[in-house]
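The structure appears right after this line, and notes come after that.
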Amino acid sequence: QLQLVESGGGLVQPGGSLTLSCAASGTTFRYYTVGWFRQAPGKEREAVSVVFFGDGSTDYAASVKGRFIISVDSAKNTVYLQMNSLKPEDTALYYCAAHFGADYSGAFEPGTYNFWGQGTRVTVSS
């Protein structure tokens with residue numbers, strides 16, 4: 001059973017950077033597509049970025065493209081989300097999630113993922 005634990009959230013000023021980590025245990029990330037999602041108060045959970053099993057390709061939501069970078073350290077069984085040029089609207093609870101294989105068409109849909117972490121909070125404020 002795959003278990004996910006996020007870390008790295010915190011308070012940062014607008015324009016600053018944070019790197020979130022998603023550590024897996026129970027099994028390897030090797031056969032899973034991993035996504036980062038976020039949920040702001042009063043809003044629906046939305047996809048931020050995805051790294052696909054197999055070819056390792058990545059995709060990003062338009063709102064973060066060019067600012068966020070998703071990466072994988074297979075040796076550490078960890079997926080990272082480097083967040084740069086942060087804006088107040090990036091404030092949310094950030095989750096990592098995983099599904100077995102690679103569902104390209106559903107990659108940005110929370111319902112595609114059946115393993116979730118507990119979330120780490122990111123607050124962007126001056």
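Naming scheme: A, B, ... for chains in displayed order of the structure tokens; residues 1 onward per chain; ligands 1 onward as shown.
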Using only C-alpha atoms, which protein or nucleic acid residues come within 12 Å of A:Pro88? Drop anything in the same chain fewer than 4 positions from it, and give the result as a list of chain:residue names.
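Within the cut-off, the hits are A:Leu11, A:Val12, A:Gln13, A:Pro14, A:Gly15, A:Gly16, A:Ala40, A:Ala92, A:Val122, A:Thr123, A:Val124, A:Ser125, A:Ser126.
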So that I can see what lies close to stretch 47-63 of chain A, please list as a CSV table (one decimal) with N, CA, C and O atoms, in the first residue's frame the residues with an atom at most 12 Å from it, counting only C-alpha atoms and leaving out residues fewer than 3 positions away in the same chain.
chain,number,residue,atom,x,y,z
A,28,THR,N,7.4,1.6,-4.2
A,28,THR,CA,8.2,2.6,-4.9
A,28,THR,C,7.2,3.4,-5.8
A,28,THR,O,6.2,2.9,-6.2
A,29,PHE,N,7.6,4.7,-6.0
A,29,PHE,CA,6.9,5.5,-6.9
A,29,PHE,C,7.0,5.1,-8.4
A,29,PHE,O,6.3,5.6,-9.2
A,30,ARG,N,7.9,4.1,-8.6
A,30,ARG,CA,8.3,3.8,-10.0
A,30,ARG,C,7.2,3.6,-10.9
A,30,ARG,O,7.3,3.9,-12.1
A,31,TYR,N,6.1,3.0,-10.4
A,31,TYR,CA,5.0,2.6,-11.3
A,31,TYR,C,3.8,3.5,-11.2
A,31,TYR,O,2.7,3.1,-11.7
A,32,TYR,N,4.0,4.6,-10.6
A,32,TYR,CA,2.9,5.6,-10.3
A,32,TYR,C,3.0,6.9,-11.0
A,32,TYR,O,4.2,7.4,-11.1
A,33,THR,N,1.9,7.5,-11.5
A,33,THR,CA,1.9,8.9,-11.8
A,33,THR,C,1.6,9.7,-10.6
A,33,THR,O,0.7,9.3,-9.8
A,34,VAL,N,2.3,10.7,-10.4
A,34,VAL,CA,2.2,11.5,-9.2
A,34,VAL,C,1.8,13.0,-9.5
A,34,VAL,O,2.3,13.6,-10.4
A,35,GLY,N,0.8,13.4,-8.8
A,35,GLY,CA,0.3,14.8,-9.0
A,35,GLY,C,0.4,15.6,-7.8
A,35,GLY,O,0.3,15.1,-6.7
A,36,TRP,N,0.6,16.9,-7.9
A,36,TRP,CA,0.4,17.9,-6.9
A,36,TRP,C,-0.9,18.6,-7.1
A,36,TRP,O,-1.2,19.1,-8.2
A,37,PHE,N,-1.7,18.7,-6.0
A,37,PHE,CA,-3.0,19.4,-6.1
A,37,PHE,C,-3.0,20.4,-4.9
A,37,PHE,O,-2.2,20.4,-4.0
A,38,ARG,N,-3.9,21.4,-5.0
A,38,ARG,CA,-4.1,22.3,-3.9
A,38,ARG,C,-5.5,22.7,-3.8
A,38,ARG,O,-6.3,22.6,-4.7
A,39,GLN,N,-5.8,23.1,-2.5
A,39,GLN,CA,-7.2,23.5,-2.2
A,39,GLN,C,-7.1,24.7,-1.3
A,39,GLN,O,-6.6,24.7,-0.2
A,40,ALA,N,-7.7,25.8,-1.8
A,40,ALA,CA,-7.8,27.1,-1.1
A,40,ALA,C,-9.1,27.1,-0.3
A,40,ALA,O,-10.1,26.4,-0.8
A,44,GLU,N,-12.6,24.5,-4.8
A,44,GLU,CA,-12.4,23.1,-5.1
A,44,GLU,C,-10.9,22.8,-5.2
A,44,GLU,O,-10.1,23.7,-5.5
A,66,GLY,N,5.7,27.9,-15.8
A,66,GLY,CA,6.8,28.9,-15.8
A,66,GLY,C,7.3,29.3,-14.4
A,66,GLY,O,8.4,29.9,-14.3
A,67,ARG,N,6.5,29.0,-13.4
A,67,ARG,CA,6.9,29.3,-12.0
A,67,ARG,C,7.2,28.1,-11.1
A,67,ARG,O,8.0,28.1,-10.2
A,68,PHE,N,6.5,27.0,-11.4
A,68,PHE,CA,6.6,25.8,-10.6
A,68,PHE,C,7.3,24.7,-11.4
A,68,PHE,O,7.2,24.6,-12.6
A,69,ILE,N,8.1,23.9,-10.7
A,69,ILE,CA,8.8,22.7,-11.3
A,69,ILE,C,8.6,21.5,-10.5
A,69,ILE,O,8.9,21.5,-9.3
A,70,ILE,N,8.1,20.4,-11.2
A,70,ILE,CA,8.0,19.1,-10.5
A,70,ILE,C,9.1,18.2,-10.9
A,70,ILE,O,9.6,18.3,-12.0
A,71,SER,N,9.7,17.5,-9.9
A,71,SER,CA,10.8,16.6,-10.2
A,71,SER,C,10.7,15.4,-9.3
A,71,SER,O,10.0,15.4,-8.3
A,72,VAL,N,11.5,14.4,-9.7
A,72,VAL,CA,11.5,13.1,-9.0
A,72,VAL,C,12.9,12.7,-8.6
A,72,VAL,O,13.8,12.8,-9.4
A,73,ASP,N,13.1,12.3,-7.4
A,73,ASP,CA,14.3,11.6,-7.0
A,73,ASP,C,14.0,10.2,-6.7
A,73,ASP,O,13.5,9.9,-5.6
A,74,SER,N,14.3,9.3,-7.6
A,74,SER,CA,13.9,7.9,-7.5
A,74,SER,C,14.6,7.3,-6.3
A,74,SER,O,14.1,6.4,-5.6
A,78,THR,N,11.0,10.2,-3.6
A,78,THR,CA,10.4,11.5,-3.3
A,78,THR,C,10.1,12.3,-4.6
A,78,THR,O,10.9,12.3,-5.5
A,79,VAL,N,9.0,13.0,-4.6
A,79,VAL,CA,8.6,13.9,-5.6
A,79,VAL,C,8.6,15.3,-5.0
A,79,VAL,O,8.1,15.5,-3.9
A,80,TYR,N,9.2,16.2,-5.8
A,80,TYR,CA,9.3,17.6,-5.3
A,80,TYR,C,8.5,18.6,-6.1
A,80,TYR,O,8.2,18.3,-7.3
A,81,LEU,N,8.1,19.6,-5.5
A,81,LEU,CA,7.4,20.7,-6.2
A,81,LEU,C,8.2,22.0,-5.8
A,81,LEU,O,8.0,22.5,-4.7
A,82,GLN,N,9.0,22.5,-6.7
A,82,GLN,CA,9.7,23.8,-6.5
A,82,GLN,C,8.8,24.9,-7.0
A,82,GLN,O,8.4,24.9,-8.1
A,83,MET,N,8.5,25.8,-6.0
A,83,MET,CA,7.5,26.9,-6.3
A,83,MET,C,8.3,28.2,-6.2
A,83,MET,O,8.8,28.6,-5.2
A,85,SER,N,8.5,32.6,-7.5
A,85,SER,CA,7.6,33.7,-7.8
A,85,SER,C,6.2,33.6,-7.2
A,85,SER,O,5.2,33.8,-7.9
A,86,LEU,N,6.2,33.2,-6.0
A,86,LEU,CA,4.9,32.9,-5.4
A,86,LEU,C,4.0,34.1,-5.2
A,86,LEU,O,4.5,35.2,-5.0
A,87,LYS,N,2.7,33.9,-5.4
A,87,LYS,CA,1.7,34.9,-5.3
A,87,LYS,C,0.7,34.6,-4.2
A,87,LYS,O,0.6,33.5,-3.8
A,89,GLU,N,-2.3,34.3,-4.4
A,89,GLU,CA,-3.3,33.4,-4.9
A,89,GLU,C,-2.8,31.9,-4.9
A,89,GLU,O,-3.6,31.0,-5.2
A,90,ASP,N,-1.5,31.7,-4.6
A,90,ASP,CA,-1.0,30.4,-4.5
A,90,ASP,C,-1.2,29.8,-3.0
A,90,ASP,O,-1.0,28.6,-2.8
A,92,ALA,N,-2.8,27.9,-0.2
A,92,ALA,CA,-3.7,26.8,-0.2
A,92,ALA,C,-3.0,25.6,0.6
A,92,ALA,O,-1.9,25.7,1.0
A,93,LEU,N,-3.8,24.6,0.8
A,93,LEU,CA,-3.3,23.3,1.3
A,93,LEU,C,-2.9,22.5,0.1
A,93,LEU,O,-3.7,22.3,-0.8
A,94,TYR,N,-1.6,22.1,0.1
A,94,TYR,CA,-1.1,21.4,-1.0
A,94,TYR,C,-1.0,19.9,-0.7
A,94,TYR,O,-0.5,19.5,0.3
A,95,TYR,N,-1.5,19.1,-1.7
A,95,TYR,CA,-1.5,17.6,-1.5
A,95,TYR,C,-0.7,17.0,-2.6
A,95,TYR,O,-0.8,17.5,-3.8
A,96,CYS,N,-0.1,15.9,-2.3
A,96,CYS,CA,0.4,15.0,-3.4
A,96,CYS,C,-0.5,13.8,-3.5
A,96,CYS,O,-1.1,13.4,-2.5
A,97,ALA,N,-0.6,13.3,-4.7
A,97,ALA,CA,-1.4,12.1,-4.9
A,97,ALA,C,-0.8,11.2,-6.0
A,97,ALA,O,0.0,11.7,-6.7
A,98,ALA,N,-1.2,10.0,-6.0
A,98,ALA,CA,-0.7,9.0,-6.9
A,98,ALA,C,-1.7,8.1,-7.5
A,98,ALA,O,-2.7,7.7,-6.8
A,99,HIS,N,-1.5,7.7,-8.7
A,99,HIS,CA,-2.3,6.6,-9.3
A,99,HIS,C,-1.4,5.7,-10.0
A,99,HIS,O,-0.4,6.1,-10.6
A,100,PHE,N,-1.7,4.4,-10.1
A,100,PHE,CA,-0.9,3.4,-10.7
A,100,PHE,C,-1.0,3.5,-12.2
A,100,PHE,O,-2.0,3.7,-12.8
A,101,GLY,N,0.2,3.5,-12.9
A,101,GLY,CA,0.2,3.6,-14.3
A,101,GLY,C,0.2,5.1,-14.7
A,101,GLY,O,0.7,6.0,-14.0
A,102,ALA,N,-0.4,5.4,-15.8
A,102,ALA,CA,-0.5,6.8,-16.4
A,102,ALA,C,-1.8,7.0,-17.1
A,102,ALA,O,-1.9,6.6,-18.2
A,103,ASP,N,-2.7,7.7,-16.4
A,103,ASP,CA,-3.9,8.1,-17.0
A,103,ASP,C,-3.7,9.5,-17.5
A,103,ASP,O,-3.9,10.5,-16.8
A,104,TYR,N,-3.4,9.7,-18.8
A,104,TYR,CA,-3.1,11.0,-19.3
A,104,TYR,C,-4.3,11.9,-19.4
A,104,TYR,O,-4.3,13.1,-19.1
A,105,SER,N,-5.5,11.3,-19.8
A,105,SER,CA,-6.6,12.1,-20.0
A,105,SER,C,-7.2,12.6,-18.6
A,105,SER,O,-7.8,13.6,-18.5
A,106,GLY,N,-7.0,11.8,-17.6
A,106,GLY,CA,-7.6,12.1,-16.3
A,106,GLY,C,-6.6,12.7,-15.3
A,106,GLY,O,-6.9,12.8,-14.1
A,107,ALA,N,-5.4,13.0,-15.8
A,107,ALA,CA,-4.3,13.4,-14.9
A,107,ALA,C,-4.6,14.6,-14.0
A,107,ALA,O,-4.0,14.7,-13.0
A,108,PHE,N,-5.4,15.5,-14.5
A,108,PHE,CA,-5.7,16.7,-13.7
A,108,PHE,C,-7.0,16.6,-12.9
A,108,PHE,O,-7.5,17.6,-12.4
A,109,GLU,N,-7.6,15.4,-12.9
A,109,GLU,CA,-8.8,15.1,-12.1
A,109,GLU,C,-8.5,14.5,-10.8
A,109,GLU,O,-7.9,13.4,-10.8
A,110,PRO,N,-8.9,15.0,-9.7
A,110,PRO,CA,-8.6,14.4,-8.4
A,110,PRO,C,-9.2,13.0,-8.3
A,110,PRO,O,-8.5,12.1,-7.7
A,111,GLY,N,-10.3,12.7,-9.0
A,111,GLY,CA,-10.9,11.4,-8.9
A,111,GLY,C,-10.0,10.3,-9.5
A,111,GLY,O,-10.3,9.1,-9.3
A,112,THR,N,-9.0,10.7,-10.3
A,112,THR,CA,-8.2,9.7,-10.9
A,112,THR,C,-7.2,9.1,-9.9
A,112,THR,O,-6.7,8.0,-10.1
A,113,TYR,N,-7.0,9.8,-8.8
A,113,TYR,CA,-5.9,9.4,-7.9
A,113,TYR,C,-6.5,8.6,-6.7
A,113,TYR,O,-7.6,9.1,-6.1
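Atom CA of A:Glu46 is positioned 16.6 Å from atom CA of A:Glu6.
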Proximity to A:Ala24 - best of A:Gln1, A:Phe115, A:Asn77, A:Asn84, only C-alpha atoms
A:Asn77
Interatomic distance, atom CA of A:Thr27 to atom CA of A:Ala75 (Å, one decimal):
12.5 Å
Pick from A:Asn114, A:Thr91, A:Thr120, A:Cys22, whichever lies nearest to A:Lys43 using only C-alpha atoms
A:Thr91
Out of chain A, which residues get strand (DSSP E or B) from DSSP, as an NGL selection string?
:A and (3-7 or 10-12 or 18-25 or 32-39 or 46-51 or 58-60 or 68-73 or 78-83 or 92-100 or 115-116 or 120-124)
Length of the atom CA of A:Pro41 to atom CA of A:Val5 vector [Å]:
21.2 Å
I need the residues of stretch 49-108 of chain A that end up classed as helix (DSSP H, G or I) by DSSP on the backbone, written out as a ChimeraX atom specification.
/A:74-76,88-90
